[in-house]
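> One structure follows; several queries about it will come next.
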Amino acid sequence: MFQNSGLSLEQAPPIVVVLRFFITGSIFGVIASIMLFFIGADIANFSLPQTIALTHLFTLGVMGSFMFGALYQMLPVLCGVHIKGADLLALRVNYIFIFGITALVAAFFTNAIVLYIVATLFLAYAIFFTAFAMLGQLRKIQHNNSSRGMMLSLTALIVVAVLGITLLAIRGGLAIDIDYLWLKEMHYSFGLFGWVSLLIISVSFQVIEMFYVTPSFPKGYAKNLPIAIIALLFIDLFFSSLNPQIRSILQLLVVLLIAFHAGFILLRLKQKKRPVIDATILFWILGEGAFIAFAVALIATFYVTLPPLLLVVLFSFFPLSVIFAMSYKIVPFLVWFHLNAQGYFNAPMMHEVTPPSYAKRNFYIFLGAFVTAIIAVFLPVVWYLSALLLMIAFFMLFLNNYRAWHKYQEVLESGEKFSFT
């Protein structure tokens, strides 16, 4: 899978680094789905504390955890970056991140100033420490298109954190002379389009070709697309407050660029050389298709009135679907790779770690959550079914990640190694 990367056991982070974040993210997914079940139709009210808490459970708890874990793995694979002491660094960041998210969710429900302060300190440490550590390593290498995009997405993450800290300070009672609603929109824009979308785009430049044997993306296109997206976001940050109409135009341009790349990914998947369509391809198709539908719905809002919640649902399933796709590719490979590299001749094959039928069942349950979520926008009682299906999907992902870790430990304890004389 990673033949062209020259990945070695010394270069790769310990498997626990990635699995710790992936297991954390899947647990947060289960918790967020349970919360969605109890919120139900109230999710349409974006100003409610429980809705804000749910939003951050998905963005920080689920997306943040999986993306941190993926970065620890992808930096060595795609960029040749070796992060020294990755196991201790990741352990520290993971626990601090979990505590910070928990404090933040509690702060939204209670509006307690002390919880806002605690959440700010812990989340700021986890995010800034990780982002600056990775950026510091990325600056030392000869860049490819994925590494450039990752640097820009990490830069966007820093902006997201600064804006988020400012928002928490205002909610905590600190008087800051700034438009709160504009600040919140910038926070969401940099988070969803800069950090989340840009990271997915940057990773896709190599993993789509690597995983599915497709034609590569044009070099000039792959180099300039992330630059164009981040440039538009910064123009929006510095100039949209002068003229609100500029914001709509800039946001639409960013969405169209990401939607174009989503269509490009679908084209590349259609051109793949391997005829088999596994669950990870289906997750990619669903995720990119959801974003294209989001772009179409956003354009439609200029002419007709659509529920804002519809846009939220369509966008949300874009990164979530890609997370499932990447998890079902990365985790089985890592178990096989680490055991095989250590000389265990009974290292399980990838399909033994995660049976393809299991991953495909998980996809269909996730697809059911997506379809019912769209229906629930117009028929709110269906939210209970959608939340239940999403909870099952994340629980299945958790079981897969946990079983993979258990299988890895089992071989370490009782497996036999090659002996060289």
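Chain labels follow the order of the structure tokens: the first chain is A, the next B, and so on; residue numbering restarts at 1 in every chain, and ligands are counted from 1 in their shown order.
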Determine which residues of range 217-403 of chain A DSSP labels as helix (DSSP H, G or I) from the backbone of this structure, then write them out as an NGL selection string.
:A and (219-239 or 244-270 or 279-300 or 308-341 or 350-353 or 356-378 or 380-403)
> Excluding same-chain residues fewer than 5 positions from Arg268 in chain A, what lies within 12 Å of it counting only C-alpha atoms, as a ChimeraX atom specification?
/A:204-218,261-263,273-274,281,284-285,288
> Got a sec: who's within 7 Å of Ile23 in chain A, counting only C-alpha atoms, leaving out chain neighbours fewer than 5 positions off, as an MDAnalysis selection string?
chainID A and resid 398 401:402
> How about saving the chosen residues, C-alpha atoms kept, as a CSV table (one decimal), in the first residue's frame?

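Result file is result02.csv:
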```csv
chain,number,residue,atom,x,y,z
A,398,PHE,CA,-15.1,1.5,17.6
A,401,ASN,CA,-10.5,-0.4,15.9
A,402,TYR,CA,-10.5,-2.1,19.3
```
> Smallest atom-to-atom distance to Arg247 in chain A: which of A:Leu152, A:Leu412, A:Met186, A:Ala290, using only C-alpha atoms?
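For Arg247 in chain A, the nearest of the given residues is A:Met186.
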> Quick one: pull the distance between CA of Ser147 in chain A and CA of Met326 in chain A, Å, one decimal.
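Atom-to-atom, CA of Ser147 in chain A and CA of Met326 in chain A are spaced 17.7 Å apart.
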> For range 316-319 of chain A, please output as a VMD selection string all residues within 9 Å (counting only C-alpha atoms; exclusion window: fewer than 5 positions along the same chain).
chain A and resid 58 to 59 63 196 to 197 200 284 286 to 291 311 324 370
> Can you write out the residues you just picked, keeping N, CA and C atoms, as an mmCIF file, in the first residue's frame?

```cif
data_model
loop_
_atom_site.group_PDB
_atom_site.id
_atom_site.type_symbol
_atom_site.label_atom_id
_atom_site.label_comp_id
_atom_site.auth_asym_id
_atom_site.auth_seq_id
_atom_site.Cartn_x
_atom_site.Cartn_y
_atom_site.Cartn_z
ATOM 1 N N PHE A 58 -18.767 16.711 17.537
ATOM 2 C CA PHE A 58 -18.464 16.155 16.218
ATOM 3 C C PHE A 58 -17.188 16.753 15.629
ATOM 4 N N THR A 59 -17.044 18.084 15.710
ATOM 5 C CA THR A 59 -15.896 18.722 15.057
ATOM 6 C C THR A 59 -14.592 18.473 15.804
ATOM 7 N N MET A 63 -13.942 14.541 14.492
ATOM 8 C CA MET A 63 -13.071 14.933 13.391
ATOM 9 C C MET A 63 -11.663 15.258 13.884
ATOM 10 N N VAL A 196 -10.513 21.232 8.073
ATOM 11 C CA VAL A 196 -11.072 19.925 7.731
ATOM 12 C C VAL A 196 -10.971 19.644 6.230
ATOM 13 N N SER A 197 -11.561 20.502 5.414
ATOM 14 C CA SER A 197 -11.601 20.251 3.972
ATOM 15 C C SER A 197 -10.216 20.258 3.344
ATOM 16 N N ILE A 200 -8.323 17.038 4.091
ATOM 17 C CA ILE A 200 -8.826 15.936 3.264
ATOM 18 C C ILE A 200 -8.318 16.062 1.834
ATOM 19 N N TRP A 284 -15.830 6.942 0.328
ATOM 20 C CA TRP A 284 -15.301 8.101 -0.409
ATOM 21 C C TRP A 284 -16.368 8.684 -1.345
ATOM 22 N N LEU A 286 -19.629 8.476 -1.120
ATOM 23 C CA LEU A 286 -20.681 9.131 -0.339
ATOM 24 C C LEU A 286 -20.207 10.484 0.180
ATOM 25 N N GLY A 287 -18.993 10.536 0.707
ATOM 26 C CA GLY A 287 -18.485 11.784 1.271
ATOM 27 C C GLY A 287 -18.338 12.875 0.232
ATOM 28 N N GLU A 288 -17.706 12.547 -0.901
ATOM 29 C CA GLU A 288 -17.528 13.561 -1.948
ATOM 30 C C GLU A 288 -18.869 13.933 -2.576
ATOM 31 N N GLY A 289 -19.744 12.966 -2.719
ATOM 32 C CA GLY A 289 -21.082 13.269 -3.244
ATOM 33 C C GLY A 289 -21.866 14.172 -2.316
ATOM 34 N N ALA A 290 -21.695 13.973 -1.000
ATOM 35 C CA ALA A 290 -22.381 14.826 -0.021
ATOM 36 C C ALA A 290 -21.909 16.263 -0.142
ATOM 37 N N PHE A 291 -20.590 16.450 -0.376
ATOM 38 C CA PHE A 291 -20.108 17.834 -0.493
ATOM 39 C C PHE A 291 -20.603 18.476 -1.782
ATOM 40 N N LEU A 311 -28.034 22.176 4.860
ATOM 41 C CA LEU A 311 -26.634 22.432 4.528
ATOM 42 C C LEU A 311 -25.704 21.815 5.562
ATOM 43 N N PHE A 324 -14.416 7.406 7.980
ATOM 44 C CA PHE A 324 -14.689 5.967 7.946
ATOM 45 C C PHE A 324 -13.844 5.294 6.863
ATOM 46 N N PHE A 370 -27.287 8.740 6.938
ATOM 47 C CA PHE A 370 -27.234 9.910 6.050
ATOM 48 C C PHE A 370 -28.597 10.179 5.415
#
```
> Between A:Val62, A:Ala90, A:Leu138, A:Ala103, which is the closest to Arg20 in chain A once you count only C-alpha atoms?
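Distance minimum relative to Arg20 in chain A lands on A:Ala90.
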> Determine, counting only C-alpha atoms, which protein, DNA and RNA residues have an atom within 12 Å of an atom of Val377 in chain A; residues of the same chain fewer than 2 positions away are not included. Present the result as a short mmCIF file (atom, residue, chain, number, x, y, z; two decimals) with C-alpha atoms, in the first residue's frame.

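Result went into selection02.cif, see below:
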```
data_model
loop_
_atom_site.label_atom_id
_atom_site.label_comp_id
_atom_site.auth_asym_id
_atom_site.auth_seq_id
_atom_site.Cartn_x
_atom_site.Cartn_y
_atom_site.Cartn_z
CA GLY A 40 -34.02 15.38 18.35
CA ALA A 41 -35.83 18.17 16.51
CA ASP A 42 -34.17 20.85 18.67
CA ILE A 43 -31.03 20.44 16.58
CA ALA A 44 -32.58 22.93 14.13
CA ASN A 45 -32.08 25.67 16.75
CA LEU A 306 -33.83 26.03 2.08
CA PRO A 307 -33.56 24.93 5.72
CA PRO A 308 -30.07 25.84 7.00
CA LEU A 309 -30.01 22.45 8.71
CA LEU A 310 -29.97 20.77 5.29
CA LEU A 311 -26.63 22.43 4.53
CA VAL A 312 -25.28 21.33 7.91
CA VAL A 313 -26.27 17.71 7.30
CA LEU A 314 -24.84 17.58 3.78
CA PHE A 370 -27.23 9.91 6.05
CA VAL A 371 -30.51 9.31 4.17
CA THR A 372 -32.64 9.49 7.32
CA ALA A 373 -30.83 12.67 8.43
CA ILE A 374 -31.83 14.37 5.18
CA ILE A 375 -35.43 13.18 5.65
CA LEU A 379 -39.71 15.41 9.08
CA PRO A 380 -38.08 15.99 12.50
CA VAL A 381 -39.41 12.82 14.15
CA VAL A 382 -36.98 10.82 11.97
CA TRP A 383 -34.02 12.32 13.88
CA TYR A 384 -34.36 9.53 16.43
CA SER A 386 -30.96 8.76 12.16
#
```
> Rank A:Val16, A:Leu256, A:Leu390, A:Ile330 by their smallest atom-to-atom distance to Ala32 in chain A, using only C-alpha atoms, and report the top residue only.
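Between A:Val16, A:Leu256, A:Leu390, A:Ile330, the residue approaching Ala32 in chain A most closely is A:Leu390.
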> Tell me which of A:Leu54, A:Leu48, A:Ile229, A:Ile158 sits closest to Phe28 in chain A, counting only C-alpha atoms.
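Smallest separation from Phe28 in chain A among the options: A:Leu54.
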> Between A:Ala126, A:Met35, A:Pro14, A:Phe363, which is the closest to Pro76 in chain A once you count only C-alpha atoms?
A:Pro14
> In terms of the shortest atom-to-atom distance over only C-alpha atoms, which of A:Tyr116, A:Phe21, A:Phe366, A:Tyr125 is closest to Ser321 in chain A?
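Distance minimum relative to Ser321 in chain A lands on A:Phe366.
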> Determine, counting only C-alpha atoms, which protein, DNA and RNA residues have an atom within 8 Å of an atom of range 181-185 of chain A; residues of the same chain fewer than 2 positions away are not included. Present the result as a ChimeraX atom specification.
/A:163-164,167,178-179,187-189,241
> Please indicate the distance in Å from CA of Phe22 in chain A to CA of Ala70 in chain A, rounded to one decimal place.
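Interatomic distance here is 8.3 Å.
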> Suppose you want the space between CA of Leu253 in chain A and CA of Ser240 in chain A; what is it in Å?
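Between CA of Leu253 in chain A and CA of Ser240 in chain A the gap is 13.6 Å.
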> Name the residues in contact with Pro356 in chain A at a cut-off of 12 Å, using only C-alpha atoms, excluding same-chain residues fewer than 2 positions from it; report them as a list of chain:residue names.
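Selected residues are A:Val276, A:Ile277, A:Asp278, A:Ala279, A:Thr280, A:Ile281, A:Tyr328, A:Lys329, A:Pro332, A:Met349, A:Met350, A:His351, A:Glu352, A:Val353, A:Thr354, A:Tyr358, A:Ala359, A:Lys360, A:Arg361, A:Asn362, A:Phe363, A:Asn400.
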